[in-house]
file input02.txt (compact mmCIF, C-alpha atoms and all ligand atoms)
# COMPACT_ATOMS: atom_id res chain seq x y z
CA MET A 1 3.73 23.94 50.38
CA ASN A 2 0.19 23.19 51.56
CA THR A 3 -0.17 19.68 52.90
CA LEU A 4 -3.39 17.91 51.94
CA ASP A 5 -4.94 14.83 53.53
CA GLN A 6 -7.88 12.81 52.38
CA LEU A 7 -9.91 10.64 54.70
CA VAL A 8 -12.97 8.44 54.58
CA TYR A 9 -15.10 7.58 57.57
CA CYS A 10 -18.20 5.45 58.05
CA SER A 11 -20.80 6.10 60.72
CA ARG A 12 -24.22 4.78 61.60
CA SER A 13 -27.09 7.17 60.92
CA ARG A 14 -29.42 7.98 63.81
CA LEU A 15 -31.88 9.74 61.51
CA ALA A 16 -35.42 8.47 61.28
CA PRO A 17 -35.81 6.95 57.80
CA ASP A 18 -38.66 9.38 57.01
CA ASP A 19 -36.46 12.37 57.79
CA GLU A 20 -33.33 11.14 56.06
CA ARG A 21 -33.60 13.00 52.80
CA ALA A 22 -34.33 16.39 54.30
CA ALA A 23 -31.75 15.90 57.04
CA VAL A 24 -28.99 14.99 54.59
CA LEU A 25 -29.80 18.06 52.49
CA ASP A 26 -29.59 20.14 55.64
CA ILE A 27 -26.20 18.63 56.58
CA VAL A 28 -24.85 19.26 53.08
CA HIS A 29 -26.11 22.83 53.08
CA VAL A 30 -24.39 23.71 56.36
CA ALA A 31 -21.29 21.63 55.57
CA ALA A 32 -20.78 23.28 52.19
CA PHE A 33 -20.81 26.70 53.85
CA LEU A 34 -18.51 25.76 56.76
CA ASN A 35 -16.17 23.67 54.63
CA ALA A 36 -15.62 26.54 52.20
CA ARG A 37 -14.44 28.59 55.16
CA ASN A 38 -12.17 25.81 56.38
CA GLY A 39 -10.66 24.76 53.06
CA ILE A 40 -12.40 21.38 53.13
CA THR A 41 -13.98 19.63 50.15
CA GLY A 42 -15.61 16.25 49.76
CA ALA A 43 -18.65 14.08 49.30
CA LEU A 44 -21.17 12.43 51.58
CA THR A 45 -23.52 9.58 50.96
CA LEU A 46 -25.93 7.51 53.01
CA GLN A 47 -26.49 3.90 52.11
CA ASP A 48 -28.34 1.28 54.16
CA GLY A 49 -28.23 3.49 57.23
CA VAL A 50 -24.47 4.08 56.96
CA PHE A 51 -22.95 7.48 56.23
CA VAL A 52 -19.82 7.46 54.12
CA GLN A 53 -18.03 10.77 53.93
CA LEU A 54 -14.87 11.52 51.99
CA LEU A 55 -13.12 14.65 53.22
CA GLU A 56 -10.03 16.43 51.97
CA GLY A 57 -8.19 19.41 53.37
CA SER A 58 -5.29 20.33 55.63
CA PRO A 59 -4.59 17.67 58.28
CA SER A 60 -5.46 20.07 61.12
CA ALA A 61 -8.73 21.21 59.50
CA LEU A 62 -9.75 17.56 59.10
CA ASP A 63 -8.83 16.73 62.72
CA ILE A 64 -10.94 19.63 63.99
CA LEU A 65 -13.92 18.65 61.83
CA MET A 66 -13.70 15.04 63.04
CA LEU A 67 -13.91 16.34 66.62
CA HIS A 68 -17.11 18.24 65.77
CA LEU A 69 -18.51 15.21 64.02
CA HIS A 70 -18.03 13.06 67.11
CA PHE A 71 -20.38 15.34 69.04
CA ASP A 72 -23.08 15.31 66.36
CA GLU A 73 -26.01 13.22 67.51
CA ARG A 74 -27.30 12.59 64.02
CA HIS A 75 -24.86 9.71 63.76
CA GLU A 76 -22.79 7.33 65.90
CA ASP A 77 -20.03 4.70 65.69
CA ILE A 78 -17.78 6.94 63.61
CA GLU A 79 -14.85 5.00 62.23
CA ILE A 80 -12.10 6.45 60.06
CA VAL A 81 -11.41 3.63 57.64
CA ALA A 82 -8.83 5.24 55.35
CA ARG A 83 -6.60 8.29 55.52
CA GLY A 84 -3.62 9.43 53.52
CA ARG A 85 -1.69 12.30 52.02
CA ILE A 86 -2.77 13.48 48.55
CA GLU A 87 -1.17 15.66 45.89
CA ARG A 88 -4.39 17.24 44.70
CA ARG A 89 -8.06 17.22 45.58
CA ALA A 90 -10.42 14.69 44.01
CA PHE A 91 -13.48 16.89 44.64
CA PRO A 92 -12.17 20.45 44.23
CA ALA A 93 -15.55 21.80 43.16
CA TRP A 94 -17.48 20.49 46.14
CA GLY A 95 -17.53 22.16 49.55
CA MET A 96 -19.76 19.18 50.18
CA THR A 97 -22.00 17.22 47.89
CA ALA A 98 -24.31 14.29 48.45
CA PRO A 99 -25.07 12.14 45.47
CA THR A 100 -28.27 10.18 46.17
CA PRO A 101 -27.33 6.71 45.06
CA GLY A 102 -29.36 3.79 44.03
CA PRO A 103 -28.02 0.67 45.70
CA CYS A 104 -24.33 0.64 44.84
CA GLY A 105 -22.66 -2.76 45.04
CA VAL A 106 -19.11 -1.45 45.12
CA LEU A 107 -19.88 0.94 47.94
CA SER A 108 -21.73 -1.75 49.92
CA ARG A 109 -18.74 -4.05 49.66
CA LEU A 110 -16.34 -1.32 50.81
CA ILE A 111 -18.64 -0.53 53.74
CA VAL A 112 -18.89 -4.17 54.81
CA GLU A 113 -15.13 -4.61 54.52
CA ARG A 114 -14.42 -1.24 56.15
CA SER A 115 -11.80 -1.07 53.40
CA ASP A 116 -8.66 0.96 54.00
CA ASP A 117 -8.14 1.45 50.25
CA LEU A 118 -8.48 5.20 49.77
CA THR A 119 -8.38 4.90 45.99
CA ALA A 120 -11.28 2.42 45.96
CA TRP A 121 -13.43 4.73 48.10
CA ARG A 122 -12.53 7.72 45.92
CA GLU A 123 -13.50 5.85 42.77
CA ALA A 124 -16.78 4.66 44.28
CA MET A 125 -17.75 8.19 45.37
CA ASP A 126 -16.69 9.54 42.02
CA ALA A 127 -18.87 6.99 40.23
CA LEU A 128 -21.89 8.04 42.34
CA LEU A 129 -21.33 11.66 41.39
CA ALA A 130 -21.22 10.72 37.73
CA GLU A 131 -24.65 9.03 37.94
CA PRO A 132 -27.61 11.03 36.68
CA ALA A 133 -29.65 12.31 39.65
C1 LIG A 201 -22.93 12.79 58.52
C2 LIG A 201 -22.54 14.20 58.84
C3 LIG A 201 -21.62 14.86 58.04
C4 LIG A 201 -21.24 16.17 58.32
N1 LIG A 201 -20.32 16.79 57.54
C5 LIG A 201 -19.87 18.02 57.87
C6 LIG A 201 -18.86 18.66 57.09
O1 LIG A 201 -18.36 18.15 56.09
N2 LIG A 201 -18.46 19.90 57.49
C7 LIG A 201 -18.99 20.54 58.57
O2 LIG A 201 -18.58 21.65 58.89
N3 LIG A 201 -19.96 19.96 59.29
C8 LIG A 201 -20.41 18.72 58.97
N4 LIG A 201 -21.40 18.14 59.72
C9 LIG A 201 -22.00 18.91 60.81
C10 LIG A 201 -21.08 18.93 62.03
O3 LIG A 201 -21.25 17.73 62.76
C11 LIG A 201 -21.42 20.13 62.93
O4 LIG A 201 -22.78 20.19 63.19
C12 LIG A 201 -20.99 21.43 62.26
O5 LIG A 201 -19.62 21.36 61.92
C13 LIG A 201 -21.20 22.63 63.17
O6 LIG A 201 -20.42 22.47 64.32
P1 LIG A 201 -21.04 22.78 65.75
O7 LIG A 201 -22.41 22.16 65.74
O8 LIG A 201 -20.10 22.11 66.72
O9 LIG A 201 -21.07 24.25 65.83
C14 LIG A 201 -21.81 16.84 59.43
C15 LIG A 201 -22.74 16.17 60.23
C16 LIG A 201 -23.11 14.86 59.95
C17 LIG A 201 -24.11 14.16 60.82
call {"tool": "encode", "arguments": {"input": "input02.txt", "output": "structure tokens"}}
result
Amino acid sequence: MNTLDQLVYCSRSRLAPDDERAAVLDIVHVAAFLNARNGITGALTLQDGVFVQLLEGSPSALDILMLHLHFDERHEDIEIVARGRIERRAFPAWGMTAPTPGPCGVLSRLIVERSDDLTAWREAMDALLAEPA
């Protein structure tokens, strides 16, 4: 039986605002490739200078990725806000995807609250993905 965890972290972007778009595309490109190798799926978004990333995979694969992320100078103040066991993946089709949101009230509120409600984060990310690009 393969154990699956899902986690959400917030971090503060250190990207220059002018470079953000290209840099996020670059992160997603590399992440999609590496995550496919490591059995990780998820979604990443950047709102008001804060990265929110939802990740799902085996607990050990997620722990190793979080270690790598801590050494990545493109962001800082990484905080895991929610983590839990899941039965099935919410984003099975995405090695990594980054919906480019307009201002999203629900997400802003979750970020401010640093909510620990995994379901609320999942629904907010899901809603972003459903938006037309
Ligand atoms: C906001 C953000 C999200 C990232 N997401 C992932 C990810 O989902 N998977 C991944 O392998 N690398 C991700 N990276 C890149 C890693 O930090 C790291 O560069 C990559 O895993 C390669 O590891 P290495 O540089 O230690 O060789 C992300 C980086 C940032 C800044």
call {"tool": "closest_residue", "arguments": {"input": "input02.txt", "among": "A:Arg109, A:His70, A:Arg122, A:Arg21", "to": "ligand LIG 201 (chain A)", "atoms": "only C-alpha atoms and all ligand atoms"}}
result
A:His70
call {"tool": "closest_atom_pairs", "arguments": {"input": "input02.txt", "of": "chain A", "to": "ligand LIG 201 (chain A)", "cutoff": "10 Å", "atoms": "all atoms listed in the file", "output": "Markdown table"}}
result
| residue | atom | partner | partner_atom | distance |
| --- | --- | --- | --- | --- |
| A:Tyr9 | CA | A:LIG201 | C1 | 9.5 |
| A:Cys10 | CA | A:LIG201 | C1 | 8.7 |
| A:Ser11 | CA | A:LIG201 | C1 | 7.4 |
| A:Arg12 | CA | A:LIG201 | C1 | 8.7 |
| A:Ser13 | CA | A:LIG201 | C1 | 7.4 |
| A:Arg14 | CA | A:LIG201 | C17 | 8.7 |
| A:Leu15 | CA | A:LIG201 | C17 | 9.0 |
| A:Ala23 | CA | A:LIG201 | C17 | 8.7 |
| A:Val24 | CA | A:LIG201 | C1 | 7.6 |
| A:Asp26 | CA | A:LIG201 | C15 | 9.2 |
| A:Ile27 | CA | A:LIG201 | C14 | 5.5 |
| A:Val28 | CA | A:LIG201 | N1 | 6.8 |
| A:His29 | CA | A:LIG201 | C8 | 9.2 |
| A:Val30 | CA | A:LIG201 | N3 | 6.5 |
| A:Ala31 | CA | A:LIG201 | N2 | 3.8 |
| A:Ala32 | CA | A:LIG201 | N2 | 6.7 |
| A:Phe33 | CA | A:LIG201 | O2 | 7.5 |
| A:Leu34 | CA | A:LIG201 | O2 | 4.6 |
| A:Asn35 | CA | A:LIG201 | N2 | 5.3 |
| A:Ala36 | CA | A:LIG201 | O2 | 8.8 |
| A:Arg37 | CA | A:LIG201 | O2 | 8.9 |
| A:Asn38 | CA | A:LIG201 | O2 | 8.0 |
| A:Ile40 | CA | A:LIG201 | O1 | 7.4 |
| A:Thr41 | CA | A:LIG201 | O1 | 7.5 |
| A:Gly42 | CA | A:LIG201 | O1 | 7.2 |
| A:Ala43 | CA | A:LIG201 | O1 | 7.9 |
| A:Leu44 | CA | A:LIG201 | C3 | 6.9 |
| A:Thr45 | CA | A:LIG201 | C1 | 8.2 |
| A:Leu46 | CA | A:LIG201 | C1 | 8.2 |
| A:Val50 | CA | A:LIG201 | C1 | 9.0 |
| A:Phe51 | CA | A:LIG201 | C1 | 5.8 |
| A:Val52 | CA | A:LIG201 | C1 | 7.6 |
| A:Gln53 | CA | A:LIG201 | C3 | 6.8 |
| A:Leu54 | CA | A:LIG201 | O1 | 8.5 |
| A:Leu55 | CA | A:LIG201 | O1 | 6.9 |
| A:Glu56 | CA | A:LIG201 | O1 | 9.5 |
| A:Ala61 | CA | A:LIG201 | O2 | 9.9 |
| A:Leu62 | CA | A:LIG201 | O1 | 9.1 |
| A:Ile64 | CA | A:LIG201 | O5 | 9.1 |
| A:Leu65 | CA | A:LIG201 | O2 | 6.3 |
| A:Met66 | CA | A:LIG201 | O3 | 8.0 |
| A:Leu67 | CA | A:LIG201 | O3 | 8.4 |
| A:His68 | CA | A:LIG201 | O8 | 5.0 |
| A:Leu69 | CA | A:LIG201 | O3 | 3.9 |
| A:His70 | CA | A:LIG201 | O3 | 7.1 |
| A:Phe71 | CA | A:LIG201 | O3 | 6.8 |
| A:Asp72 | CA | A:LIG201 | O3 | 4.7 |
| A:Glu73 | CA | A:LIG201 | C17 | 7.0 |
| A:Arg74 | CA | A:LIG201 | C17 | 4.8 |
| A:His75 | CA | A:LIG201 | C17 | 5.4 |
| A:Glu76 | CA | A:LIG201 | C17 | 8.6 |
| A:Ile78 | CA | A:LIG201 | C1 | 9.3 |
| A:Gly95 | CA | A:LIG201 | O1 | 7.7 |
| A:Met96 | CA | A:LIG201 | O1 | 6.2 |
| A:Thr97 | CA | A:LIG201 | O1 | 9.0 |
| A:Ala98 | CA | A:LIG201 | C3 | 10.0 |
call {"tool": "atom_distance", "arguments": {"input": "input02.txt", "atom1": "atom CA of A:Glu131", "atom2": "atom CA of A:Asp5"}}
result
25.8 Å
call {"tool": "residues_near_point", "arguments": {"input": "input02.txt", "point": "(-18.3, 16.1, 39.2)", "cutoff": "10 Å", "atoms": "only C-alpha atoms", "output": "PDB file with C-alpha atoms, keeping the file's coordinate frame"}}
result
ATOM      1  CA  ALA A  90     -10.420  14.690  44.010  1.00  0.00           C
ATOM      2  CA  PHE A  91     -13.480  16.890  44.640  1.00  0.00           C
ATOM      3  CA  PRO A  92     -12.170  20.450  44.230  1.00  0.00           C
ATOM      4  CA  ALA A  93     -15.550  21.800  43.160  1.00  0.00           C
ATOM      5  CA  TRP A  94     -17.480  20.490  46.140  1.00  0.00           C
ATOM      6  CA  THR A  97     -22.000  17.220  47.890  1.00  0.00           C
ATOM      7  CA  ASP A 126     -16.690   9.540  42.020  1.00  0.00           C
ATOM      8  CA  ALA A 127     -18.870   6.990  40.230  1.00  0.00           C
ATOM      9  CA  LEU A 128     -21.890   8.040  42.340  1.00  0.00           C
ATOM     10  CA  LEU A 129     -21.330  11.660  41.390  1.00  0.00           C
ATOM     11  CA  ALA A 130     -21.220  10.720  37.730  1.00  0.00           C
ATOM     12  CA  GLU A 131     -24.650   9.030  37.940  1.00  0.00           C
TER      13      GLU A 131
END
call {"tool": "residues_around", "arguments": {"input": "input02.txt", "residues": "A:Glu87", "least_positions_apart": "3", "cutoff": "12 Å", "atoms": "all atoms listed in the file", "output": "number ranges by chain"}}
result
A: 1-6, 56-58, 84, 90
call {"tool": "atom_distance", "arguments": {"input": "input02.txt", "atom1": "atom CA of A:Gly49", "atom2": "atom CA of A:Cys104"}}
result
13.3 Å
call {"tool": "atom_distance", "arguments": {"input": "input02.txt", "atom1": "atom CA of A:Ile86", "atom2": "atom CA of A:Glu113"}}
result
22.7 Å
call {"tool": "closest_residue", "arguments": {"input": "input02.txt", "among": "A:Leu25, A:Leu7, A:Ile80, A:Ala16", "to": "A:Pro59", "atoms": "all atoms listed in the file"}}
result
A:Leu7
call {"tool": "closest_residue", "arguments": {"input": "input02.txt", "among": "A:Asp63, A:Arg88, A:Gly39, A:Val8", "to": "A:Leu110", "atoms": "only C-alpha atoms"}}
result
A:Val8
call {"tool": "decode", "arguments": {"input": "input02.txt", "residues": "stretch 46-87 of chain A", "atoms": "N, CA and C atoms", "output": "short mmCIF file (atom, residue, chain, number, x, y, z; two decimals), in the first residue's frame"}}
result
data_model
loop_
_atom_site.label_atom_id
_atom_site.label_comp_id
_atom_site.auth_asym_id
_atom_site.auth_seq_id
_atom_site.Cartn_x
_atom_site.Cartn_y
_atom_site.Cartn_z
N LEU A 46 1.78 32.14 -7.23
CA LEU A 46 2.47 33.27 -6.61
C LEU A 46 1.48 34.41 -6.54
N GLN A 47 1.17 34.83 -5.33
CA GLN A 47 0.22 35.92 -5.19
C GLN A 47 0.74 36.93 -4.17
N ASP A 48 0.79 38.19 -4.57
CA ASP A 48 1.27 39.26 -3.67
C ASP A 48 2.63 38.92 -3.06
N GLY A 49 3.51 38.38 -3.89
CA GLY A 49 4.87 38.09 -3.41
C GLY A 49 4.98 36.85 -2.55
N VAL A 50 3.90 36.08 -2.44
CA VAL A 50 3.93 34.86 -1.63
C VAL A 50 3.71 33.64 -2.53
N PHE A 51 4.66 32.70 -2.47
CA PHE A 51 4.44 31.42 -3.16
C PHE A 51 3.54 30.55 -2.30
N VAL A 52 2.58 29.91 -2.95
CA VAL A 52 1.83 28.84 -2.30
C VAL A 52 2.03 27.60 -3.17
N GLN A 53 2.52 26.54 -2.57
CA GLN A 53 2.70 25.32 -3.34
C GLN A 53 2.02 24.16 -2.62
N LEU A 54 1.19 23.45 -3.37
CA LEU A 54 0.56 22.23 -2.86
C LEU A 54 1.32 21.07 -3.48
N LEU A 55 1.78 20.16 -2.63
CA LEU A 55 2.57 19.03 -3.09
C LEU A 55 1.96 17.74 -2.59
N GLU A 56 2.00 16.70 -3.41
CA GLU A 56 1.51 15.40 -2.95
C GLU A 56 2.45 14.31 -3.46
N GLY A 57 2.66 13.32 -2.61
CA GLY A 57 3.58 12.25 -2.95
C GLY A 57 3.86 11.43 -1.71
N SER A 58 4.86 10.53 -1.79
CA SER A 58 5.18 9.73 -0.61
C SER A 58 5.77 10.67 0.44
N PRO A 59 5.56 10.36 1.73
CA PRO A 59 6.08 11.24 2.78
C PRO A 59 7.58 11.49 2.63
N SER A 60 8.35 10.45 2.28
CA SER A 60 9.80 10.66 2.21
C SER A 60 10.17 11.52 1.01
N ALA A 61 9.48 11.35 -0.12
CA ALA A 61 9.77 12.19 -1.29
C ALA A 61 9.47 13.66 -0.97
N LEU A 62 8.40 13.90 -0.23
CA LEU A 62 8.05 15.29 0.13
C LEU A 62 9.08 15.86 1.10
N ASP A 63 9.53 15.05 2.06
CA ASP A 63 10.54 15.55 3.02
C ASP A 63 11.82 15.93 2.29
N ILE A 64 12.23 15.11 1.33
CA ILE A 64 13.47 15.40 0.60
C ILE A 64 13.31 16.68 -0.24
N LEU A 65 12.16 16.82 -0.90
CA LEU A 65 11.94 18.03 -1.70
C LEU A 65 11.94 19.27 -0.80
N MET A 66 11.33 19.17 0.37
CA MET A 66 11.30 20.34 1.26
C MET A 66 12.72 20.75 1.66
N LEU A 67 13.60 19.75 1.83
CA LEU A 67 15.00 20.08 2.13
C LEU A 67 15.63 20.88 1.00
N HIS A 68 15.42 20.41 -0.24
CA HIS A 68 15.95 21.14 -1.41
C HIS A 68 15.39 22.56 -1.44
N LEU A 69 14.10 22.66 -1.18
CA LEU A 69 13.44 23.97 -1.27
C LEU A 69 14.03 24.96 -0.27
N HIS A 70 14.45 24.45 0.89
CA HIS A 70 15.01 25.35 1.89
C HIS A 70 16.31 25.99 1.43
N PHE A 71 17.00 25.33 0.51
CA PHE A 71 18.28 25.87 0.04
C PHE A 71 18.12 26.72 -1.22
N ASP A 72 16.89 26.87 -1.69
CA ASP A 72 16.67 27.60 -2.94
C ASP A 72 16.51 29.09 -2.64
N GLU A 73 17.43 29.87 -3.21
CA GLU A 73 17.46 31.30 -2.85
C GLU A 73 16.41 32.13 -3.55
N ARG A 74 15.58 31.50 -4.35
CA ARG A 74 14.52 32.28 -5.01
C ARG A 74 13.37 32.57 -4.07
N HIS A 75 13.41 31.98 -2.89
CA HIS A 75 12.38 32.28 -1.89
C HIS A 75 12.93 32.11 -0.48
N GLU A 76 12.17 32.59 0.50
CA GLU A 76 12.61 32.51 1.91
C GLU A 76 11.39 32.38 2.81
N ASP A 77 11.63 32.24 4.10
CA ASP A 77 10.54 32.12 5.09
C ASP A 77 9.55 31.02 4.72
N ILE A 78 10.08 29.85 4.41
CA ILE A 78 9.20 28.74 4.03
C ILE A 78 8.49 28.21 5.28
N GLU A 79 7.19 28.09 5.15
CA GLU A 79 6.39 27.64 6.31
C GLU A 79 5.38 26.60 5.83
N ILE A 80 5.51 25.39 6.31
CA ILE A 80 4.49 24.38 6.00
C ILE A 80 3.26 24.70 6.85
N VAL A 81 2.16 24.99 6.17
CA VAL A 81 0.97 25.41 6.93
C VAL A 81 0.00 24.25 7.14
N ALA A 82 0.01 23.28 6.24
CA ALA A 82 -0.93 22.16 6.36
C ALA A 82 -0.28 20.91 5.78
N ARG A 83 -0.51 19.79 6.44
CA ARG A 83 0.02 18.52 5.93
C ARG A 83 -0.86 17.39 6.43
N GLY A 84 -1.13 16.43 5.58
CA GLY A 84 -1.95 15.31 6.03
C GLY A 84 -1.89 14.16 5.05
N ARG A 85 -2.38 13.02 5.51
CA ARG A 85 -2.44 11.82 4.68
C ARG A 85 -3.62 11.91 3.74
N ILE A 86 -3.48 11.46 2.50
CA ILE A 86 -4.60 11.46 1.56
C ILE A 86 -4.78 10.07 0.95
N GLU A 87 -5.99 9.83 0.49
CA GLU A 87 -6.31 8.54 -0.15
C GLU A 87 -5.88 8.56 -1.60
#
